[in-house]
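The next block is coords38.pdb, given as PDB, C-alpha atoms and all ligand atoms.
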```
ATOM      1  CA  MET A 164     100.939 245.268  34.842  1.00  0.00           C
ATOM      2  CA  PRO A 165      98.679 247.293  37.100  1.00  0.00           C
ATOM      3  CA  ASP A 166      98.199 246.627  40.790  1.00  0.00           C
ATOM      4  CA  LYS A 167      95.334 244.290  41.504  1.00  0.00           C
ATOM      5  CA  ASN A 168      92.841 244.350  44.308  1.00  0.00           C
ATOM      6  CA  LEU A 169      92.169 240.909  45.703  1.00  0.00           C
ATOM      7  CA  ILE A 170      89.942 239.669  48.504  1.00  0.00           C
ATOM      8  CA  CYS A 171      91.564 237.704  51.279  1.00  0.00           C
ATOM      9  CA  LYS A 172      90.164 234.221  51.699  1.00  0.00           C
ATOM     10  CA  ASP A 173      90.598 234.318  55.468  1.00  0.00           C
ATOM     11  CA  CYS A 174      89.509 237.759  56.614  1.00  0.00           C
ATOM     12  CA  GLN A 175      87.587 238.822  53.481  1.00  0.00           C
ATOM     13  CA  LYS A 176      89.477 242.075  53.457  1.00  0.00           C
ATOM     14  CA  GLU A 177      90.640 243.649  50.271  1.00  0.00           C
ATOM     15  CA  PHE A 178      94.365 243.824  49.721  1.00  0.00           C
ATOM     16  CA  VAL A 179      96.610 244.947  46.923  1.00  0.00           C
ATOM     17  CA  PHE A 180      98.585 242.516  44.825  1.00  0.00           C
ATOM     18  CA  THR A 181     101.177 244.981  43.676  1.00  0.00           C
ATOM     19  CA  GLU A 182     102.950 245.088  40.373  1.00  0.00           C
ATOM     20  CA  GLY A 183     106.177 244.123  42.102  1.00  0.00           C
ATOM     21  CA  GLU A 184     104.580 241.128  43.764  1.00  0.00           C
ATOM     22  CA  GLN A 185     103.074 240.012  40.499  1.00  0.00           C
ATOM     23  CA  GLU A 186     106.540 240.083  38.984  1.00  0.00           C
ATOM     24  CA  PHE A 187     107.862 238.084  41.919  1.00  0.00           C
ATOM     25  CA  TYR A 188     105.162 235.466  41.467  1.00  0.00           C
ATOM     26  CA  LYS A 189     105.848 235.217  37.782  1.00  0.00           C
ATOM     27  CA  GLU A 190     109.560 234.799  38.391  1.00  0.00           C
ATOM     28  CA  LYS A 191     108.850 231.945  40.765  1.00  0.00           C
ATOM     29  CA  GLY A 192     106.580 230.356  38.203  1.00  0.00           C
ATOM     30  CA  LEU A 193     103.518 230.724  40.387  1.00  0.00           C
ATOM     31  CA  VAL A 194     100.394 230.941  38.311  1.00  0.00           C
ATOM     32  CA  ASN A 195      97.884 231.399  41.103  1.00  0.00           C
ATOM     33  CA  GLU A 196      97.255 234.746  42.672  1.00  0.00           C
ATOM     34  CA  PRO A 197      97.698 234.986  46.420  1.00  0.00           C
ATOM     35  CA  GLN A 198      94.607 233.919  48.328  1.00  0.00           C
ATOM     36  CA  ARG A 199      95.381 235.825  51.466  1.00  0.00           C
ATOM     37  CA  CYS A 200      96.390 239.296  52.525  1.00  0.00           C
ATOM     38  CA  PRO A 201      99.923 239.809  53.833  1.00  0.00           C
ATOM     39  CA  ASP A 202      98.657 239.813  57.435  1.00  0.00           C
ATOM     40  CA  CYS A 203      96.987 236.434  57.130  1.00  0.00           C
ATOM     41  CA  ARG A 204      99.910 235.034  55.210  1.00  0.00           C
ATOM     42  CA  LYS A 205     102.224 236.086  58.017  1.00  0.00           C
ATOM     43  CA  GLU A 206      99.884 234.601  60.568  1.00  0.00           C
ATOM     44  CA  ARG A 207      99.757 231.275  58.770  1.00  0.00           C
ATOM     45  CA  LYS A 208     103.491 231.174  58.380  1.00  0.00           C
ATOM     46  CA  GLN A 209     103.943 231.761  62.078  1.00  0.00           C
ATOM     47  CA  GLN A 210     101.510 228.967  62.813  1.00  0.00           C
ATOM     48  CA  ARG A 211     103.402 226.617  60.538  1.00  0.00           C
ATOM     49  CA  ASP A 212     106.639 227.547  62.250  1.00  0.00           C
ATOM     50  CA  ARG A 213     105.091 226.900  65.626  1.00  0.00           C
ATOM     51  CA  ASN A 214     103.799 223.515  64.539  1.00  0.00           C
ATOM     52  CA  ARG A 215     107.187 222.559  63.255  1.00  0.00           C
ATOM     53  CA  PHE A 216     108.720 223.613  66.509  1.00  0.00           C
ATOM     54  CA  GLN A 217     106.232 221.555  68.520  1.00  0.00           C
ATOM     55  CA  ARG A 218     106.744 218.454  66.437  1.00  0.00           C
ATOM     56  CA  ARG A 219     110.452 218.598  66.906  1.00  0.00           C
ATOM     57  CA  TYR A 220     110.202 218.250  70.688  1.00  0.00           C
TER      58      TYR A 220
HETATM   59 ZN    ZN B 301      93.463 238.427  55.484  1.00  0.00          ZN
END
```
As structure tokens, please, write out the structure in this file.
Ligand SMILES: [Zn+2]
Amino acid sequence: MPDKNLICKDCQKEFVFTEGEQEFYKEKGLVNEPQRCPDCRKERKQQRDRNRFQRRY
């Protein structure tokens, strides 16, 4: 399985969906390719964490 170049939905930047990540996705049973680059994914995760934190208090 070769590395794949994908375009991030958020920042429109190209990022690499590596062979290792593809394996990881397959193992988890995820059929969809990632929509976002690692940077945007991290950003969104942090936002989710923040929202959770705010709701709790
Ligand atoms: Zn991005």
Once the PyMOL selection byres (((chain A and resi 203-207) around 12) and not hetatm) has been evaluated on this model, what residues remain selected, and can you format them as a PyMOL selection string? chain A and resi 170-178+197-202+208-214
For the provided coordinates, the residues matched by the PyMOL selection byres (((chain A and resi 165) around 9) and not hetatm) should be stated as number ranges by chain. A: 164, 166-167, 181-182
Using all atoms listed in the file: which of A:Val179, A:Arg215, A:Glu186, A:Gly192 has the shortest distance to ligand ZN 301 (chain B): A:Val179
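Closest approach to ligand ZN 301 (chain B) among A:Glu184, A:Leu169, A:Arg218, A:Asn195 is made by A:Leu169 (distances from only C-alpha atoms and all ligand atoms).
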